[in-house]
$ cat final-v2.cif   # mmCIF, C-alpha atoms and all ligand atoms
data_protein
#
loop_
_atom_site.label_atom_id
_atom_site.label_comp_id
_atom_site.auth_asym_id
_atom_site.auth_seq_id
_atom_site.Cartn_x
_atom_site.Cartn_y
_atom_site.Cartn_z
CA MET B 1 -47.92 -32.53 11.44
CA PRO B 2 -50.03 -30.04 9.46
CA ARG B 3 -47.13 -27.74 8.69
CA SER B 4 -44.99 -30.39 7.05
CA GLU B 5 -48.08 -31.66 5.24
CA LEU B 6 -48.42 -28.28 3.56
CA LEU B 7 -44.73 -28.14 2.70
CA HIS B 8 -44.88 -31.66 1.29
CA ARG B 9 -47.79 -30.74 -0.91
CA LEU B 10 -46.00 -27.64 -2.12
CA ALA B 11 -42.87 -29.65 -2.89
CA ALA B 12 -44.97 -32.20 -4.81
CA GLU B 13 -46.56 -29.44 -6.88
CA THR B 14 -43.14 -27.97 -7.63
CA ALA B 15 -41.86 -31.41 -8.67
CA ARG B 16 -44.88 -31.85 -10.94
CA ARG B 17 -44.12 -28.53 -12.58
CA GLU B 18 -40.49 -29.56 -13.05
CA ARG B 19 -41.52 -32.85 -14.68
CA ALA B 20 -43.69 -30.86 -17.09
CA GLY B 21 -40.63 -28.78 -18.01
CA LEU B 22 -42.30 -25.65 -16.68
CA LEU B 23 -40.18 -24.84 -13.65
CA ARG B 24 -39.49 -21.13 -13.20
CA ARG B 25 -35.90 -20.24 -12.43
CA LEU B 26 -34.20 -17.09 -11.20
CA ARG B 27 -31.15 -15.67 -12.85
CA VAL B 28 -28.79 -13.20 -11.22
CA VAL B 29 -27.90 -10.20 -13.38
CA GLU B 30 -24.53 -9.00 -12.17
CA HIS B 31 -24.69 -5.69 -13.96
CA GLY B 32 -27.18 -3.82 -16.11
CA ASP B 33 -26.27 -0.99 -18.45
CA GLY B 34 -29.21 0.01 -20.62
CA PRO B 35 -30.23 -3.01 -22.65
CA TRP B 36 -26.88 -4.70 -21.95
CA LEU B 37 -26.90 -7.22 -19.13
CA GLU B 38 -24.04 -9.15 -17.56
CA THR B 39 -25.08 -12.53 -16.28
CA GLY B 40 -23.12 -15.71 -15.63
CA GLY B 41 -19.97 -13.76 -16.54
CA ARG B 42 -21.31 -13.01 -20.05
CA ARG B 43 -22.48 -9.74 -21.56
CA LEU B 44 -25.82 -10.14 -23.33
CA LEU B 45 -28.01 -7.77 -25.31
CA GLY B 46 -31.38 -7.82 -23.57
CA PHE B 47 -34.74 -7.77 -25.33
CA CYS B 48 -36.63 -8.57 -22.16
CA SER B 49 -36.92 -5.44 -20.00
CA ASN B 50 -39.91 -3.12 -19.71
CA ASP B 51 -37.67 -0.03 -19.76
CA TYR B 52 -39.33 1.01 -23.03
CA LEU B 53 -37.98 4.57 -23.12
CA GLY B 54 -34.56 3.82 -21.65
CA LEU B 55 -35.26 6.03 -18.62
CA ALA B 56 -33.87 3.59 -16.02
CA GLN B 57 -30.40 4.91 -16.95
CA HIS B 58 -31.35 8.56 -17.55
CA PRO B 59 -28.74 10.82 -15.90
CA GLN B 60 -31.38 13.26 -14.59
CA VAL B 61 -33.48 10.45 -13.15
CA ILE B 62 -30.43 9.00 -11.40
CA ALA B 63 -29.40 12.47 -10.15
CA ALA B 64 -32.90 13.13 -8.76
CA LEU B 65 -32.77 9.82 -6.84
CA LYS B 66 -29.35 10.61 -5.38
CA ARG B 67 -30.26 14.18 -4.46
CA ALA B 68 -33.45 13.16 -2.66
CA ALA B 69 -31.67 10.30 -0.86
CA ASP B 70 -29.03 12.77 0.35
CA ASP B 71 -31.79 15.10 1.60
CA GLU B 72 -34.30 12.61 2.96
CA GLY B 73 -32.52 9.32 3.57
CA VAL B 74 -33.71 6.05 2.11
CA GLY B 75 -36.95 4.77 3.61
CA SER B 76 -40.20 6.72 3.90
CA THR B 77 -40.24 5.27 7.48
CA SER B 78 -44.01 4.70 7.57
CA ALA B 79 -47.28 4.28 5.71
CA HIS B 80 -48.57 7.32 3.80
CA LEU B 81 -51.33 7.97 6.33
CA ILE B 82 -48.98 8.01 9.33
CA CYS B 83 -45.91 10.12 8.47
CA GLY B 84 -44.64 8.54 5.23
CA HIS B 85 -46.29 10.92 2.74
CA ARG B 86 -43.49 13.29 1.76
CA ARG B 87 -43.32 16.32 -0.47
CA GLU B 88 -41.80 14.15 -3.24
CA HIS B 89 -44.86 11.88 -3.24
CA ALA B 90 -47.26 14.84 -3.36
CA MET B 91 -45.37 16.46 -6.24
CA LEU B 92 -45.28 13.20 -8.19
CA GLU B 93 -49.03 12.64 -7.71
CA GLU B 94 -49.72 16.14 -8.99
CA ALA B 95 -47.51 15.61 -12.06
CA LEU B 96 -49.12 12.24 -12.85
CA ALA B 97 -52.65 13.67 -12.57
CA GLU B 98 -51.72 16.56 -14.83
CA TRP B 99 -50.03 14.30 -17.40
CA THR B 100 -52.97 11.92 -17.62
CA GLY B 101 -55.59 14.70 -17.57
CA ARG B 102 -57.21 13.69 -14.31
CA GLU B 103 -58.25 15.44 -11.10
CA HIS B 104 -56.08 13.46 -8.73
CA ALA B 105 -53.64 10.57 -8.50
CA LEU B 106 -52.67 8.24 -5.67
CA LEU B 107 -49.34 6.41 -5.44
CA PHE B 108 -49.05 2.73 -4.61
CA SER B 109 -45.84 0.83 -3.89
CA THR B 110 -46.39 -1.59 -6.80
CA GLY B 111 -48.80 -2.06 -9.66
CA TYR B 112 -49.88 -5.36 -8.17
CA MET B 113 -50.98 -3.58 -5.01
CA ALA B 114 -52.62 -0.74 -6.94
CA ASN B 115 -54.89 -3.18 -8.75
CA LEU B 116 -55.63 -5.22 -5.62
CA GLY B 117 -56.41 -2.06 -3.66
CA THR B 118 -58.55 -0.42 -6.32
CA LEU B 119 -60.72 -3.45 -7.01
CA GLN B 120 -61.02 -4.27 -3.32
CA ALA B 121 -62.12 -0.70 -2.52
CA LEU B 122 -64.50 -0.29 -5.47
CA LEU B 123 -66.18 -3.68 -5.48
CA GLN B 124 -68.24 -5.45 -2.88
CA ARG B 125 -69.66 -8.94 -2.59
CA GLY B 126 -72.55 -9.24 -5.06
CA ASP B 127 -71.02 -6.80 -7.55
CA THR B 128 -69.93 -8.01 -10.99
CA CYS B 129 -66.40 -7.61 -12.37
CA VAL B 130 -66.10 -8.26 -16.10
CA GLN B 131 -62.58 -8.78 -17.41
CA ASP B 132 -60.67 -9.67 -20.57
CA LYS B 133 -59.34 -13.25 -20.39
CA LEU B 134 -55.78 -12.00 -20.93
CA ASN B 135 -55.83 -9.35 -18.20
CA HIS B 136 -52.85 -9.25 -15.88
CA ALA B 137 -52.98 -11.61 -12.89
CA CYS B 138 -53.35 -8.79 -10.36
CA LEU B 139 -56.62 -7.58 -11.90
CA ILE B 140 -58.01 -11.10 -11.61
CA ASP B 141 -56.70 -11.40 -8.04
CA GLY B 142 -58.20 -8.01 -7.13
CA ALA B 143 -61.69 -9.09 -8.20
CA GLN B 144 -61.31 -12.27 -6.15
CA LEU B 145 -60.04 -10.37 -3.12
CA ALA B 146 -63.11 -8.09 -3.34
CA GLY B 147 -65.41 -11.14 -3.38
CA ALA B 148 -67.06 -9.88 -6.57
CA GLU B 149 -68.58 -12.15 -9.22
CA LEU B 150 -65.75 -12.46 -11.79
CA LYS B 151 -66.82 -12.97 -15.41
CA ARG B 152 -64.22 -13.19 -18.14
CA TYR B 153 -64.75 -12.60 -21.85
CA PRO B 154 -62.62 -13.89 -24.75
CA HIS B 155 -59.66 -11.65 -25.52
CA ALA B 156 -60.69 -8.24 -26.95
CA ASP B 157 -64.22 -9.54 -27.66
CA VAL B 158 -66.42 -6.46 -27.25
CA ALA B 159 -69.65 -8.37 -27.95
CA GLY B 160 -68.58 -10.95 -25.33
CA ALA B 161 -67.97 -8.19 -22.79
CA SER B 162 -71.34 -6.71 -23.57
CA ARG B 163 -73.07 -10.08 -23.12
CA GLN B 164 -71.37 -10.61 -19.75
CA LEU B 165 -72.62 -7.22 -18.56
CA GLN B 166 -76.14 -7.78 -19.90
CA SER B 167 -76.48 -11.18 -18.25
CA ARG B 168 -75.47 -9.97 -14.80
CA PRO B 169 -78.02 -9.89 -12.04
CA ASP B 170 -79.17 -6.47 -10.86
CA SER B 171 -75.70 -5.54 -9.64
CA ALA B 172 -73.13 -2.77 -9.92
CA ALA B 173 -70.44 -3.64 -12.46
CA LEU B 174 -66.83 -2.81 -13.23
CA LEU B 175 -65.26 -3.67 -16.58
CA ALA B 176 -61.48 -3.90 -16.19
CA THR B 177 -59.01 -4.31 -19.03
CA ASP B 178 -55.32 -3.97 -19.70
CA GLY B 179 -54.70 -1.03 -22.05
CA VAL B 180 -51.77 -2.85 -23.68
CA PHE B 181 -51.73 -6.60 -22.99
CA SER B 182 -48.55 -7.58 -21.21
CA MET B 183 -47.87 -10.88 -23.01
CA ASP B 184 -49.40 -10.08 -26.42
CA GLY B 185 -48.59 -6.39 -26.82
CA ASP B 186 -51.88 -5.55 -28.53
CA VAL B 187 -54.14 -2.67 -27.48
CA ALA B 188 -57.61 -3.16 -26.01
CA PRO B 189 -60.59 -1.88 -28.08
CA LEU B 190 -61.07 0.96 -25.60
CA ARG B 191 -63.53 3.10 -27.57
CA GLU B 192 -65.86 0.16 -28.09
CA LEU B 193 -65.53 -1.00 -24.48
CA ALA B 194 -66.25 2.53 -23.26
CA ALA B 195 -69.42 2.62 -25.39
CA VAL B 196 -70.52 -0.75 -23.96
CA CYS B 197 -69.92 0.48 -20.42
CA THR B 198 -71.99 3.62 -21.03
CA ARG B 199 -74.80 1.55 -22.51
CA GLU B 200 -74.77 -1.07 -19.75
CA GLY B 201 -74.21 1.29 -16.83
CA ALA B 202 -70.78 -0.16 -15.92
CA THR B 203 -67.61 1.61 -14.79
CA LEU B 204 -64.53 1.20 -16.98
CA MET B 205 -61.06 0.68 -15.49
CA VAL B 206 -57.89 0.51 -17.61
CA ASP B 207 -54.54 -0.87 -16.46
CA ASP B 208 -52.12 1.04 -18.68
CA ALA B 209 -48.89 -0.40 -17.27
CA HIS B 210 -47.50 -0.93 -20.78
CA GLY B 211 -49.14 2.02 -22.56
CA LEU B 212 -48.12 4.96 -20.38
CA GLY B 213 -45.11 6.78 -21.81
CA VAL B 214 -45.27 4.81 -25.05
CA LEU B 215 -48.68 5.46 -26.66
CA GLY B 216 -50.80 8.54 -27.23
CA ASP B 217 -50.13 12.20 -27.60
CA ASP B 218 -47.52 13.33 -25.05
CA GLY B 219 -47.04 9.67 -24.11
CA ALA B 220 -50.17 9.89 -21.96
CA GLY B 221 -51.05 6.28 -22.78
CA SER B 222 -53.63 4.11 -24.49
CA ILE B 223 -56.64 6.06 -23.20
CA ARG B 224 -55.36 9.29 -24.75
CA ALA B 225 -54.46 7.36 -27.92
CA ALA B 226 -58.09 6.23 -28.16
CA GLY B 227 -59.29 9.83 -27.81
CA LEU B 228 -60.86 9.09 -24.41
CA GLY B 229 -60.51 10.72 -21.00
CA GLN B 230 -61.61 10.55 -17.40
CA ARG B 231 -65.31 10.76 -18.32
CA GLU B 232 -65.27 7.56 -20.39
CA VAL B 233 -62.57 5.78 -18.36
CA PRO B 234 -63.07 6.90 -14.76
CA VAL B 235 -60.39 4.60 -13.34
CA LEU B 236 -56.83 4.61 -14.70
CA MET B 237 -54.05 2.58 -13.17
CA ALA B 238 -50.49 2.64 -14.49
CA THR B 239 -47.05 1.71 -13.23
CA LEU B 240 -43.79 3.58 -12.76
CA GLY B 241 -41.63 0.49 -13.26
CA LYS B 242 -41.97 0.14 -17.01
CA ALA B 243 -41.61 3.07 -19.47
CA LEU B 244 -40.71 5.36 -16.56
CA GLY B 245 -37.82 3.11 -15.57
CA CYS B 246 -38.47 3.37 -11.80
CA SER B 247 -40.80 1.33 -9.55
CA GLY B 248 -44.26 1.78 -8.05
CA ALA B 249 -47.64 2.66 -9.51
CA PHE B 250 -50.57 5.05 -9.31
CA VAL B 251 -54.30 5.27 -9.80
CA ALA B 252 -55.74 8.47 -11.29
CA GLY B 253 -59.27 9.76 -11.59
CA SER B 254 -61.83 11.98 -9.89
CA ALA B 255 -61.36 13.46 -6.43
CA ALA B 256 -64.13 11.11 -5.25
CA LEU B 257 -62.24 8.05 -6.51
CA ILE B 258 -58.95 9.06 -4.93
CA ASP B 259 -60.56 10.09 -1.62
CA GLY B 260 -62.34 6.75 -1.51
CA LEU B 261 -59.18 4.75 -2.19
CA LEU B 262 -57.40 6.65 0.57
CA GLN B 263 -60.13 5.51 2.98
CA PHE B 264 -60.71 1.95 1.84
CA ALA B 265 -57.85 0.52 -0.28
CA ARG B 266 -56.13 -1.75 2.23
CA PRO B 267 -52.99 -2.38 0.09
CA TYR B 268 -52.53 1.40 0.15
CA ILE B 269 -53.31 2.01 3.81
CA TYR B 270 -51.42 -0.78 5.51
CA THR B 271 -48.07 -0.64 3.79
CA THR B 272 -44.91 1.45 3.85
CA ALA B 273 -44.89 4.35 1.39
CA MET B 274 -42.35 4.08 -1.45
CA PRO B 275 -39.02 5.73 -0.68
CA PRO B 276 -39.28 9.50 -1.31
CA ALA B 277 -36.10 9.35 -3.42
CA LEU B 278 -37.88 6.93 -5.73
CA ALA B 279 -40.79 9.37 -6.05
CA ALA B 280 -38.28 12.13 -6.90
CA ALA B 281 -36.72 9.87 -9.55
CA ALA B 282 -40.15 9.05 -11.00
CA LEU B 283 -40.97 12.77 -11.18
CA ALA B 284 -37.78 13.36 -13.17
CA ALA B 285 -38.75 10.40 -15.38
CA VAL B 286 -42.21 11.89 -16.05
CA THR B 287 -40.55 15.15 -17.10
CA ALA B 288 -38.12 13.30 -19.37
CA ALA B 289 -40.86 11.12 -20.87
CA ARG B 290 -42.85 14.22 -21.79
CA GLU B 291 -40.04 16.53 -22.89
CA GLU B 292 -37.89 14.01 -24.75
CA SER B 293 -40.46 12.91 -27.29
CA TRP B 294 -37.58 11.66 -29.47
CA ARG B 295 -37.51 8.58 -27.23
CA ARG B 296 -41.06 7.67 -28.23
CA GLU B 297 -40.30 8.42 -31.86
CA LYS B 298 -37.14 6.32 -31.80
CA LEU B 299 -39.00 3.44 -30.15
CA ALA B 300 -41.76 3.63 -32.78
CA ALA B 301 -39.13 3.56 -35.55
CA LEU B 302 -37.41 0.53 -33.97
CA ILE B 303 -40.76 -1.27 -33.64
CA ALA B 304 -41.49 -0.59 -37.31
CA ARG B 305 -38.00 -1.79 -38.30
CA PHE B 306 -38.37 -5.00 -36.29
CA ARG B 307 -41.83 -5.75 -37.66
CA ALA B 308 -40.82 -5.09 -41.25
CA GLY B 309 -37.69 -7.25 -40.88
CA ALA B 310 -39.65 -10.06 -39.23
CA ALA B 311 -42.30 -9.96 -41.95
CA GLU B 312 -39.59 -10.27 -44.58
CA LEU B 313 -38.25 -13.34 -42.82
CA GLY B 314 -41.75 -14.78 -42.46
CA LEU B 315 -41.60 -14.81 -38.64
CA ALA B 316 -44.96 -15.16 -36.88
CA LEU B 317 -45.16 -11.93 -34.90
CA MET B 318 -48.41 -11.10 -33.14
CA PRO B 319 -50.41 -8.01 -34.21
CA SER B 320 -48.86 -5.57 -31.76
CA PRO B 321 -48.19 -1.85 -32.19
CA SER B 322 -46.45 -1.59 -28.81
CA ALA B 323 -42.94 -2.20 -27.47
CA ILE B 324 -43.96 -5.81 -26.72
CA GLN B 325 -43.36 -7.90 -29.86
CA PRO B 326 -43.97 -11.56 -29.01
CA LEU B 327 -42.87 -14.33 -31.34
CA GLN B 328 -45.40 -17.12 -31.05
CA LEU B 329 -43.73 -20.58 -30.92
CA GLY B 330 -46.47 -22.76 -29.43
CA ASP B 331 -44.60 -25.50 -27.63
CA ALA B 332 -43.08 -24.60 -24.25
CA GLN B 333 -39.90 -26.61 -24.85
CA VAL B 334 -39.37 -25.00 -28.26
CA ALA B 335 -39.71 -21.56 -26.65
CA LEU B 336 -37.18 -22.50 -23.98
CA ASP B 337 -34.76 -24.02 -26.49
CA THR B 338 -35.02 -20.98 -28.76
CA ALA B 339 -34.35 -18.61 -25.84
CA GLN B 340 -31.31 -20.71 -24.92
CA ALA B 341 -30.02 -20.73 -28.48
CA LEU B 342 -30.41 -16.96 -28.60
CA GLU B 343 -28.50 -16.69 -25.35
CA GLN B 344 -25.63 -18.65 -26.89
CA ARG B 345 -25.61 -16.02 -29.64
CA GLY B 346 -25.47 -13.17 -27.08
CA PHE B 347 -29.15 -12.20 -26.63
CA LEU B 348 -31.35 -12.37 -23.57
CA VAL B 349 -35.04 -12.85 -24.39
CA GLY B 350 -37.76 -14.16 -22.08
CA ALA B 351 -39.42 -17.47 -22.91
CA ILE B 352 -43.00 -17.19 -21.67
CA ARG B 353 -44.69 -20.49 -20.98
CA PRO B 354 -47.88 -21.77 -19.36
CA PRO B 355 -49.37 -20.95 -16.92
CA THR B 356 -48.37 -17.35 -17.69
CA VAL B 357 -49.85 -17.83 -21.18
CA PRO B 358 -52.43 -20.45 -22.27
CA LYS B 359 -51.22 -23.97 -23.10
CA GLY B 360 -49.87 -24.27 -26.64
CA GLN B 361 -49.15 -20.54 -26.83
CA ALA B 362 -45.59 -20.39 -25.48
CA ARG B 363 -43.63 -17.55 -26.99
CA LEU B 364 -40.60 -15.36 -26.87
CA ARG B 365 -41.60 -12.05 -25.30
CA ILE B 366 -39.36 -9.71 -27.24
CA THR B 367 -39.44 -6.17 -25.88
CA LEU B 368 -37.91 -3.16 -27.59
CA SER B 369 -36.60 0.04 -26.05
CA ALA B 370 -35.46 3.49 -27.11
CA ALA B 371 -32.16 2.39 -25.54
CA HIS B 372 -31.69 -0.06 -28.45
CA GLU B 373 -30.02 0.92 -31.69
CA GLU B 374 -31.06 -0.04 -35.22
CA ALA B 375 -28.08 -2.41 -35.44
CA ASP B 376 -29.30 -4.21 -32.29
CA ILE B 377 -32.63 -4.91 -33.97
CA ASP B 378 -30.89 -6.13 -37.13
CA HIS B 379 -28.64 -8.46 -35.14
CA LEU B 380 -31.59 -9.97 -33.32
CA LEU B 381 -33.44 -10.52 -36.60
CA GLN B 382 -30.35 -12.15 -38.06
CA ALA B 383 -30.07 -14.51 -35.09
CA LEU B 384 -33.79 -15.39 -35.28
CA ASN B 385 -33.38 -16.14 -38.96
CA GLU B 386 -30.39 -18.41 -38.32
CA LEU B 387 -32.30 -20.29 -35.64
CA ARG B 388 -35.29 -20.79 -37.90
CA ARG B 389 -33.05 -22.59 -40.34
CA MET B 390 -31.78 -24.96 -37.67
CA PRO B 391 -33.54 -28.35 -37.62
CA GLY B 392 -35.93 -28.62 -34.68
CA ALA B 393 -36.00 -24.89 -33.90
CA GLY B 394 -39.35 -23.10 -34.01
N1 LIG K 401 -50.41 -4.65 -14.64
C1 LIG K 401 -49.79 -5.12 -15.74
C2 LIG K 401 -50.52 -5.12 -17.04
C3 LIG K 401 -48.47 -5.60 -15.64
O1 LIG K 401 -47.86 -6.09 -16.72
C4 LIG K 401 -47.82 -5.56 -14.39
C5 LIG K 401 -46.38 -5.98 -14.20
N2 LIG K 401 -45.88 -6.98 -14.88
C6 LIG K 401 -48.51 -5.09 -13.29
C7 LIG K 401 -49.80 -4.63 -13.44
C8 LIG K 401 -47.89 -5.08 -11.93
O2 LIG K 401 -47.07 -3.97 -11.77
P1 LIG K 401 -45.84 -3.99 -10.75
O3 LIG K 401 -44.75 -4.72 -11.44
O4 LIG K 401 -45.55 -2.55 -10.50
O5 LIG K 401 -46.34 -4.70 -9.53
#
$ encode --input "final-v2.cif" --output "structure tokens" --more "lines below"
Ligand code: PMP
Amino acid sequence: MPRSELLHRLAAETARRERAGLLRRLRVVEHGDGPWLETGGRRLLGFCSNDYLGLAQHPQVIAALKRAADDEGVGSTSAHLICGHRREHAMLEEALAEWTGREHALLFSTGYMANLGTLQALLQRGDTCVQDKLNHACLIDGAQLAGAELKRYPHADVAGASRQLQSRPDSAALLATDGVFSMDGDVAPLRELAAVCTREGATLMVDDAHGLGVLGDDGAGSIRAAGLGQREVPVLMATLGKALGCSGAFVAGSAALIDGLLQFARPYIYTTAMPPALAAAALAAVTAAREESWRREKLAALIARFRAGAAELGLALMPSPSAIQPLQLGDAQVALDTAQALEQRGFLVGAIRPPTVPKGQARLRITLSAAHEEADIDHLLQALNELRRMPGAG
């Protein structure tokens, strides 16, 4: 029976992953309160969320969500192009375009869908899509969905990117890169990549999921931090589920880009619009992210404190200026054991293993937030130091 054959194969692949010690497991968080998480009946200090500015618990963001839900109900009830596009969505799009210095913005229900939809609408079979090897999975998947020729260059290797563009056949090309890399925390060489794109006649797209709100003047992200704008980076995608503490995503750029996505981006067209109350919450989060610059400053100070403390202890942090501060451990089992030992000491940190990162590069993905306090950072450093001294740990 073909159906059971497929399920058998899937089960065999899962078993193989389990034997390799790489099985992914869900954990139920019973309650979240800023960086504090209750799970399995224990209260743990989390260094694993993407709530970099602490806006997921912002009273005005919560109030905006409640107010809009009282006014509008919960669901948007339809796709944007039918009757799901509410005033809250339109206001949020306007605010996002203004913040990022672009003509227009278009909301998507998730960042994954925003990248799929953008690449699928922009690229056609025969086009070339050049990408950093460490780009997020949904950029890779988007190029494949579009049927474009996908060429990947070594991480942050500008000369490699240039070579990939030069060696393409006579085809239109998109160069797509994360602004801040999700598992390494470093920033893409955007100025150099923009220059390569200009020289080689390619369009540059930046996924700034982890840069928006955190980097650049006014928190406008990695493109602003690099001194670039819509002219050099015509396609910006960013998410609302990280520094903005909500959920969803947007693409921003010229009127022509946004009009085109509205016509052709299937993951935009054929899906239910995000709840209007969520758009209202995200609008309040944008306002808070811009007005409360102390959050960015506090985060930057915590990052500096963590990096200085780690350097003193001789811990192998990666060269990251962002809220993502991975501790490279190499072996997947060591990463898992270290995360478990930290959990016993009251900390929740994600162990990132292959295939999410390359083999031999398992790590703890430590993320910092303006919701943390200096003492939280010091306690984590102390625990990491104790673990380092334990035989067999990292
Ligand atoms: N791009 C990057 C760089 C990401 O890290 C993520 C989320 N982990 C996404 C896109 C997808 O965004 P979302 O979670 O909103 O689907």
$ residues_around --input "final-v2.cif" --residues "Leu317 (chain B)" --least-positions-apart "3" --cutoff "10 Å" --atoms "all atoms listed in the file" --output "number ranges by chain"
B: 184, 306-307, 310-311, 314, 320, 325-329, 363-364, 366
$ residues_near_ligand --input "final-v2.cif" --ligand "ligand LIG 401 (chain K)" --cutoff "7 Å" --atoms "all atoms listed in the file" --output "ChimeraX atom specification"
/B:110-113,135-136,138,178,181-182,207-210,239-241,247-249
$ closest_atom_pairs --input "final-v2.cif" --of "region 86-122 of chain B" --to "region 54-76 of chain B" --cutoff "12 Å" --atoms "all atoms listed in the file" --output "tab-separated table"
residue	atom	partner	partner_atom	distance
B:Arg86	CA	B:Ser76	CA	7.7
B:Arg87	CA	B:Glu72	CA	10.3
B:Glu88	CA	B:Ala68	CA	8.4
B:His89	CA	B:Ser76	CA	10.0
B:Ser109	CA	B:Ser76	CA	11.3
$ residues_around --input "final-v2.cif" --residues "Gln166 (chain B)" --least-positions-apart "3" --cutoff "8 Å" --atoms "all atoms listed in the file" --output "count of residues only"
3
$ closest_residue --input "final-v2.cif" --among "B:Gly213, B:Ser369, B:Leu315, B:Ala362" --to "Gln333 (chain B)" --atoms "all atoms listed in the file"
B:Ala362
$ closest_residue --input "final-v2.cif" --among "B:Asp378, B:Pro355, B:Pro321, B:Leu348" --to "Arg27 (chain B)" --atoms "only C-alpha atoms"
B:Leu348
$ residues_around --input "final-v2.cif" --residues "region 142-157 of chain B" --least-positions-apart "2" --cutoff "7 Å" --atoms "all atoms listed in the file" --output "VMD selection string"
chain B and resid 115 to 116 119 to 120 123 to 134 138 to 140 159 to 161 164 188 to 189
$ atom_distance --input "final-v2.cif" --atom1 "CA of Gln230 (chain B)" --atom2 "CA of Pro276 (chain B)"
27.5 Å
